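Colleague: My structure file input.cif, mmCIF, C-alpha atoms, is below:
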```cif
data_input
#
loop_
_atom_site.label_atom_id
_atom_site.label_comp_id
_atom_site.auth_asym_id
_atom_site.auth_seq_id
_atom_site.Cartn_x
_atom_site.Cartn_y
_atom_site.Cartn_z
CA ARG N 1 -71.82 -144.50 94.95
CA ASP N 2 -75.22 -145.50 96.27
CA ALA N 3 -78.24 -144.04 94.52
CA PRO N 4 -79.99 -141.25 96.43
CA THR N 5 -82.83 -142.40 98.68
CA LEU N 6 -86.50 -141.90 97.83
CA GLU N 7 -86.73 -139.41 100.67
CA ALA N 8 -83.87 -137.38 99.22
CA MET N 9 -85.49 -137.36 95.78
CA GLN N 10 -88.96 -136.80 97.26
CA VAL N 11 -90.36 -139.77 95.30
CA PRO N 12 -93.66 -141.09 96.72
CA VAL N 13 -93.92 -144.72 97.73
CA LEU N 14 -96.16 -146.45 95.18
CA GLN N 15 -98.13 -149.62 94.67
CA VAL N 16 -96.73 -150.96 91.40
CA ALA N 17 -98.16 -153.76 89.26
CA ILE N 18 -95.75 -155.55 86.94
CA LEU N 19 -97.49 -157.60 84.22
CA VAL N 20 -95.50 -160.24 82.34
CA VAL N 21 -96.64 -162.72 79.70
CA GLY N 22 -94.06 -165.11 78.30
CA THR N 23 -91.41 -167.62 79.21
CA HIS N 24 -89.27 -168.16 82.30
CA GLY N 25 -86.65 -165.95 80.66
CA ASP N 26 -89.18 -163.15 80.21
CA VAL N 27 -90.12 -163.22 83.89
CA LEU N 28 -86.64 -163.29 85.47
CA PRO N 29 -85.57 -159.71 84.61
CA PHE N 30 -88.80 -158.37 86.10
CA ILE N 31 -88.14 -160.24 89.34
CA GLY N 32 -84.87 -158.33 89.63
CA LEU N 33 -86.71 -155.09 88.93
CA ALA N 34 -89.40 -155.89 91.51
CA LYS N 35 -86.81 -156.65 94.20
CA ARG N 36 -85.01 -153.38 93.53
CA MET N 37 -88.25 -151.41 93.72
CA GLN N 38 -89.16 -153.15 96.97
CA LYS N 39 -85.77 -152.19 98.34
CA ASP N 40 -86.65 -148.59 97.50
CA GLY N 41 -89.81 -148.90 99.58
CA HIS N 42 -92.45 -149.54 96.91
CA LYS N 43 -95.13 -152.20 97.23
CA VAL N 44 -94.75 -154.38 94.14
CA ARG N 45 -96.99 -157.07 92.70
CA LEU N 46 -95.66 -159.23 89.86
CA ALA N 47 -98.51 -160.75 87.84
CA SER N 48 -97.68 -163.58 85.48
CA HIS N 49 -98.69 -167.13 84.60
CA ALA N 50 -99.60 -169.50 87.43
CA GLN N 51 -96.63 -171.72 86.55
CA TYR N 52 -94.28 -169.02 87.87
CA ALA N 53 -95.93 -168.54 91.27
CA GLY N 54 -93.24 -170.49 93.12
CA LEU N 55 -90.42 -168.74 91.25
CA ILE N 56 -91.75 -165.27 92.03
CA GLN N 57 -92.80 -165.94 95.62
CA GLY N 58 -89.43 -167.61 96.21
CA HIS N 59 -87.88 -164.16 95.75
CA ASN N 60 -90.28 -162.65 98.31
CA VAL N 61 -92.22 -160.79 95.64
CA GLN N 62 -96.02 -160.68 95.76
CA PHE N 63 -97.53 -162.83 93.00
CA TYR N 64 -100.84 -162.54 91.18
CA PRO N 65 -101.91 -165.04 88.48
CA LEU N 66 -102.43 -164.00 84.87
CA LYS N 67 -104.23 -166.35 82.51
CA GLY N 68 -102.50 -168.15 79.67
CA ASP N 69 -100.22 -171.15 79.36
CA PRO N 70 -96.62 -170.11 78.56
CA LYS N 71 -95.70 -173.56 77.23
CA GLN N 72 -98.62 -173.52 74.82
CA LEU N 73 -97.85 -169.96 73.73
CA SER N 74 -94.23 -170.91 73.04
CA ALA N 75 -95.29 -174.06 71.18
CA TRP N 76 -97.61 -172.04 68.94
CA MET N 77 -94.88 -169.53 68.23
CA VAL N 78 -92.45 -172.26 67.22
CA GLN N 79 -95.08 -174.11 65.19
CA CYS N 80 -95.99 -170.97 63.25
CA GLY N 81 -92.42 -169.79 62.87
CA GLY N 82 -93.22 -166.53 64.67
CA SER N 83 -95.77 -165.58 62.00
CA LEU N 84 -99.02 -163.82 62.90
CA LEU N 85 -100.70 -164.98 59.70
CA PRO N 86 -101.50 -168.69 59.41
CA ARG N 87 -99.45 -170.20 56.59
CA ASN N 88 -101.57 -173.30 56.06
CA LEU N 89 -104.88 -174.91 57.02
CA LYS N 90 -103.41 -176.58 60.10
CA GLU N 91 -102.24 -173.25 61.49
CA ALA N 92 -105.55 -171.58 60.55
CA LYS N 93 -107.41 -174.09 62.73
CA LEU N 94 -105.38 -172.89 65.74
CA VAL N 95 -106.56 -169.27 65.43
CA PRO N 96 -109.72 -169.65 67.61
CA LYS N 97 -107.67 -171.30 70.41
CA LYS N 98 -105.02 -168.58 70.24
CA THR N 99 -107.63 -165.82 70.27
CA LYS N 100 -109.38 -167.38 73.28
CA MET N 101 -106.14 -167.51 75.27
CA ILE N 102 -105.22 -163.93 74.40
CA ARG N 103 -108.72 -162.82 75.45
CA GLU N 104 -108.29 -164.58 78.80
CA ILE N 105 -104.90 -162.91 79.32
CA LEU N 106 -106.36 -159.53 78.41
CA GLU N 107 -109.26 -159.89 80.86
CA SER N 108 -106.98 -161.04 83.69
CA THR N 109 -104.94 -157.81 83.61
CA TRP N 110 -107.70 -155.83 85.38
CA PRO N 111 -107.83 -157.91 88.59
CA ALA N 112 -104.02 -158.15 88.46
CA CYS N 113 -103.94 -154.39 89.05
CA THR N 114 -106.96 -153.99 91.32
CA ALA N 115 -107.86 -157.18 93.22
CA PRO N 116 -106.76 -158.00 96.79
CA ASP N 117 -103.87 -160.36 97.34
CA PRO N 118 -105.18 -163.93 96.70
CA ILE N 119 -103.59 -165.24 99.92
CA SER N 120 -103.58 -162.44 102.50
CA ARG N 121 -106.60 -160.59 101.03
CA GLU N 122 -104.66 -157.36 101.57
CA PRO N 123 -106.09 -154.62 99.30
CA PHE N 124 -104.10 -153.58 96.25
CA LEU N 125 -104.65 -150.82 93.70
CA ALA N 126 -101.92 -150.08 91.19
CA GLN N 127 -100.61 -146.52 91.16
CA ALA N 128 -98.20 -147.35 88.34
CA ILE N 129 -98.02 -150.22 85.84
CA ILE N 130 -94.99 -151.83 84.22
CA SER N 131 -95.73 -154.39 81.53
CA ASN N 132 -94.35 -156.22 78.56
CA PRO N 133 -96.37 -155.56 75.38
CA VAL N 134 -98.05 -158.94 75.00
CA THR N 135 -100.30 -158.66 78.06
CA TYR N 136 -102.45 -156.46 75.76
CA GLY N 137 -104.59 -155.07 78.60
CA HIS N 138 -101.89 -152.84 80.07
CA ILE N 139 -102.76 -149.56 78.36
CA HIS N 140 -106.51 -149.95 78.88
CA VAL N 141 -106.13 -150.68 82.59
CA ALA N 142 -103.72 -147.75 82.99
CA GLU N 143 -106.18 -145.45 81.24
CA ALA N 144 -109.07 -146.62 83.42
CA LEU N 145 -107.05 -146.09 86.60
CA SER N 146 -105.44 -142.84 85.37
CA VAL N 147 -101.98 -144.15 86.27
CA PRO N 148 -98.66 -144.10 84.39
CA LEU N 149 -97.66 -147.05 82.23
CA HIS N 150 -94.15 -148.13 81.26
CA ILE N 151 -93.74 -150.76 78.52
CA MET N 152 -90.60 -152.91 78.75
CA PHE N 153 -89.46 -155.65 76.37
CA PRO N 154 -86.12 -157.24 75.36
CA GLN N 155 -87.04 -157.03 71.67
CA PRO N 156 -87.71 -153.91 69.56
CA TRP N 157 -91.40 -153.04 69.85
CA ALA N 158 -91.49 -149.26 69.27
CA PRO N 159 -91.11 -148.07 65.65
CA THR N 160 -87.50 -147.82 64.53
CA THR N 161 -85.63 -147.90 61.22
CA ALA N 162 -82.89 -150.08 62.70
CA PHE N 163 -84.85 -153.32 63.07
CA PRO N 164 -88.16 -154.76 61.83
CA HIS N 165 -90.95 -155.72 64.23
CA PRO N 166 -90.14 -159.16 65.69
CA LEU N 167 -93.48 -160.54 64.46
CA ALA N 168 -93.21 -159.06 60.95
CA GLN N 169 -91.33 -162.05 59.47
CA LEU N 170 -88.64 -159.76 58.06
CA SER N 171 -84.98 -160.70 58.13
CA TYR N 172 -82.83 -159.02 60.76
CA ASP N 173 -79.87 -159.66 58.44
CA SER N 174 -81.18 -156.95 56.10
CA LYS N 175 -81.16 -154.22 58.73
CA PRO N 176 -79.52 -150.96 57.65
CA HIS N 177 -75.75 -151.00 57.99
CA ARG N 178 -73.32 -148.15 57.76
CA ALA N 179 -71.47 -148.56 54.46
CA SER N 180 -67.79 -149.35 54.90
CA VAL N 181 -65.24 -147.05 53.32
CA GLY N 182 -61.93 -148.50 52.18
CA PRO N 183 -59.23 -148.11 49.56
CA SER N 184 -61.48 -149.61 46.86
CA SER N 185 -64.02 -146.79 47.23
CA THR N 186 -61.71 -143.79 47.66
CA VAL N 187 -59.26 -142.03 45.47
CA SER N 188 -56.11 -140.41 46.75
CA ALA N 189 -56.07 -136.63 46.46
CA GLN N 190 -52.45 -136.89 45.31
CA GLN N 191 -53.34 -138.70 42.07
CA SER N 192 -52.87 -136.45 39.06
CA THR N 193 -53.72 -138.94 36.35
CA THR N 194 -56.39 -141.62 36.07
CA THR N 195 -56.32 -144.55 33.69
CA GLU N 196 -59.38 -145.71 31.74
CA TYR N 197 -59.44 -148.85 33.88
CA GLU N 198 -59.44 -146.75 37.05
CA LYS N 199 -62.24 -144.55 35.68
CA SER N 200 -64.31 -147.65 34.98
CA SER N 201 -63.63 -148.98 38.48
CA LEU N 202 -64.64 -145.67 40.03
CA GLN N 203 -67.88 -145.59 38.06
CA GLU N 204 -68.68 -149.14 39.16
CA THR N 205 -67.87 -148.25 42.78
CA SER N 206 -70.13 -145.20 42.60
CA TRP N 207 -72.95 -147.31 41.16
CA ASN N 208 -72.53 -149.97 43.86
CA SER N 209 -72.47 -147.26 46.53
CA ALA N 210 -75.70 -145.76 45.15
CA GLN N 211 -77.32 -149.20 45.18
CA ARG N 212 -76.27 -149.77 48.77
CA SER N 213 -77.64 -146.38 49.79
CA LEU N 214 -80.96 -147.10 48.07
CA LYS N 215 -81.20 -150.54 49.68
CA LYS N 216 -80.37 -149.07 53.08
CA SER N 217 -83.02 -146.36 52.67
CA THR N 218 -85.65 -148.85 51.50
CA THR N 219 -84.87 -151.28 54.33
CA ALA N 220 -85.11 -148.47 56.88
CA ARG N 221 -88.57 -147.46 55.62
CA VAL N 222 -89.78 -151.07 55.53
CA ASN N 223 -88.47 -151.68 59.06
CA LYS N 224 -90.35 -148.68 60.43
CA LEU N 225 -93.54 -149.50 58.53
CA SER N 226 -93.49 -153.05 59.87
CA TYR N 227 -94.51 -151.80 63.33
CA SER N 228 -97.70 -150.07 62.20
CA SER N 229 -98.49 -153.03 59.93
CA VAL N 230 -98.25 -155.54 62.79
CA ASP N 231 -100.25 -153.23 65.09
CA LYS N 232 -103.04 -152.93 62.51
CA PHE N 233 -103.14 -156.66 61.90
CA GLN N 234 -103.29 -157.39 65.63
CA TRP N 235 -106.05 -154.82 66.05
CA VAL N 236 -108.17 -156.54 63.39
CA GLY N 237 -107.95 -159.79 65.36
CA LEU N 238 -108.37 -158.30 68.83
CA ARG N 239 -110.62 -155.27 68.42
CA GLN N 240 -113.86 -157.00 69.44
CA ASP N 241 -112.26 -158.46 72.57
CA VAL N 242 -110.54 -155.18 73.42
CA ASN N 243 -113.72 -153.15 73.02
CA ASN N 244 -115.67 -155.63 75.16
CA PHE N 245 -112.93 -155.45 77.79
CA ARG N 246 -113.01 -151.64 77.83
CA ARG N 247 -116.77 -151.64 78.43
#
```
The structure given in the file should be rewritten as structure tokens.
Modeller:
Amino acid sequence: RDAPTLEAMQVPVLQVAILVVGTHGDVLPFIGLAKRMQKDGHKVRLASHAQYAGLIQGHNVQFYPLKGDPKQLSAWMVQCGGSLLPRNLKEAKLVPKKTKMIREILESTWPACTAPDPISREPFLAQAIISNPVTYGHIHVAEALSVPLHIMFPQPWAPTTAFPHPLAQLSYDSKPHRASVGPSSTVSAQQSTTTEYEKSSLQETSWNSAQRSLKKSTTARVNKLSYSSVDKFQWVGLRQDVNNFRR
């Protein structure tokens, strides 16, 4: 069945800004989203790196350039192993360059939501914003314009016990798992006698089960705390630029 029309749902037609920082693979899903929203009658602008102008415009979606070089961002991520903290002197020397690029991306989010189309000069003012987290300016622009903001990302970014923050350098292999239950950890209700060996095995199973439960509980807490830890660390590095941007 086709989805109900905007008229049937009484949804207003909006000017929507989609902000995407990242690789080709990060941009593609948002192109599909933009095309669907255009089909529903909305005016959509997809703002991303200049390298993707042809890709986006090739799908008949309005493009607006965000600052930042996706190849350089990816190279830094690989070089640093996804770590926010520099692990050696060589990585520490890259911090000023990284900070400068992030500042440029941050500052480019305002015109991406408010400036006329670079080609047609047609006015544009976002009435709703969709963004991935690493544009950084999304929430501040949305607040200034008093418009709704929807954050979208293919990786976990909101606090959860199931997975650590992707930038926290914690293993995804240690995520909480539901403990398996099998013959080795259960005792038949029909048993009327228990040997000393079986008692010892049961005690060991109970101890192992308790250890697994403790590990699962600890991992869950660490996973959830990783989100606030990464947020605080990022704020330390970006607060001056963010506050200047908000002024």
Colleague: Would you translate the PyMOL selection byres ((chain N and resi 19) around 6) into the concrete set of residues it matches in this file, as a ChimeraX atom specification?
Modeller: /N:18,20,47,131
Colleague: Write a file of the selected residues as a PDB file, in the coordinates of the input, keeping C-alpha atoms.
Modeller:
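Just written: result_9.pdb:
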```pdb
ATOM      1  CA  ILE N  18     -95.750-155.550  86.940  1.00  0.00           C
ATOM      2  CA  VAL N  20     -95.500-160.240  82.340  1.00  0.00           C
ATOM      3  CA  ALA N  47     -98.510-160.750  87.840  1.00  0.00           C
ATOM      4  CA  SER N 131     -95.730-154.390  81.530  1.00  0.00           C
TER       5      SER N 131
END
```
Colleague: Which is closest to Trp76 (chain N) among N:Arg221, N:Lys90, N:His140, N:Arg36, if we use all atoms listed in the file?
Modeller: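 For Trp76 (chain N), the nearest of the given residues is N:Lys90.
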Colleague: One decimal, Å: what's the distance from CA of Ala128 (chain N) over to CA of Ala142 (chain N), could you say?
Modeller: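 Separating CA of Ala128 (chain N) from CA of Ala142 (chain N) is a distance of 7.7 Å.
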Colleague: Evaluated on this file, the PyMOL selection byres ((chain N and resi 241) around 10) picks out some residues - which ones are they, written as a PyMOL selection string?
Modeller: chain N and resi 99-100+102-104+106-107+235+237-240+242-246
Colleague: Take CA of Phe163 (chain N) and CA of Asn223 (chain N) and report the distance between them in Å, one decimal.
Modeller: 5.6 Å
Colleague: Using Å and a single decimal, report how far CA of Glu143 (chain N) sits from CA of Gly32 (chain N).
Modeller: 26.3 Å
